[in-house]
Amino acid sequence: MHSVKEKVSNAAAAGKEHVDIFKAKAEEKAEKAAARTKEEKTIAEERRKAKEAEAKMELHQAKARHAAEKLQAKQAHHLGIGGHHHIPPTVGGQGHHDPVGTTIPTTGTVAPAYPLGGYPPSHGHI
């Protein structure tokens, strides 16, 4: 389900990129039409190139953000956050669920911030 959400989000970001590039080209044409010298036309072209590069950068940032959201959701699922998975007790715990990485009240030491038994199996997909 998260892959579908990521793909739709990426498609929306790509559409936005195409719109931004189209707008940059239209603005360039308008600036070139109003330009009186060759230098002004060159400046209009450079502005278009900068706007296109910015649109492409925003697309890649959005794709990276979508991939990170998918990974967070996947990790939250595997760690049992928000689901009906059993969370083993932490070191020094009496069977209740202490947040991992917190101070143990009896000893004053810090429990590790990673799962003690390792991570759960990946169920065949990455």
# chains A, B, ... in the order shown; residues from 1 in each chain; ligands from 1
>>> closest_atom_pairs(of="range 38-89 of chain A", to="range 1-17 of chain A", cutoff="6 Å", atoms="only C-alpha atoms", output="CSV")
residue,atom,partner,partner_atom,distance
A:Ala55,CA,A:Glu17,CA,5.2
A:Leu59,CA,A:Ala13,CA,5.7
A:Lys63,CA,A:Asn10,CA,5.8
A:His66,CA,A:Glu6,CA,5.6
A:Lys70,CA,A:His2,CA,5.9
>>> write_last_selection(atoms="N, CA, C and O atoms", output="PDB file, in the first residue's frame")
ATOM      1  N   ALA A  55      13.204  23.314 -10.478  1.00  0.00           N
ATOM      2  CA  ALA A  55      12.069  22.390 -10.553  1.00  0.00           C
ATOM      3  C   ALA A  55      12.544  20.940 -10.471  1.00  0.00           C
ATOM      4  O   ALA A  55      11.935  20.119  -9.765  1.00  0.00           O
ATOM      5  N   LEU A  59      11.794  18.156  -7.521  1.00  0.00           N
ATOM      6  CA  LEU A  59      11.287  16.812  -7.819  1.00  0.00           C
ATOM      7  C   LEU A  59      12.116  15.756  -7.091  1.00  0.00           C
ATOM      8  O   LEU A  59      11.560  14.860  -6.444  1.00  0.00           O
ATOM      9  N   LYS A  63      10.896  13.173  -4.166  1.00  0.00           N
ATOM     10  CA  LYS A  63      11.049  11.717  -4.286  1.00  0.00           C
ATOM     11  C   LYS A  63      11.803  11.149  -3.085  1.00  0.00           C
ATOM     12  O   LYS A  63      11.438  10.095  -2.557  1.00  0.00           O
ATOM     13  N   HIS A  66       9.422  11.126  -0.153  1.00  0.00           N
ATOM     14  CA  HIS A  66       8.432  10.052  -0.268  1.00  0.00           C
ATOM     15  C   HIS A  66       9.061   8.698   0.073  1.00  0.00           C
ATOM     16  O   HIS A  66       8.434   7.864   0.738  1.00  0.00           O
ATOM     17  N   LYS A  70       8.018   6.225   3.193  1.00  0.00           N
ATOM     18  CA  LYS A  70       7.718   4.806   2.991  1.00  0.00           C
ATOM     19  C   LYS A  70       8.577   3.948   3.917  1.00  0.00           C
ATOM     20  O   LYS A  70       8.084   3.012   4.548  1.00  0.00           O
TER      21      LYS A  70
END
>>> residues_around(residues="Lys29 in chain A", least_positions_apart="4", cutoff="9 Å", atoms="only C-alpha atoms", output="list in words")
Ala24, Lys25, Ala33, Ala34, Ala44 and Glu45 of chain A
>>> atom_distance(atom1="CA of Ala30 in chain A", atom2="CA of Thr42 in chain A")
13.0 Å
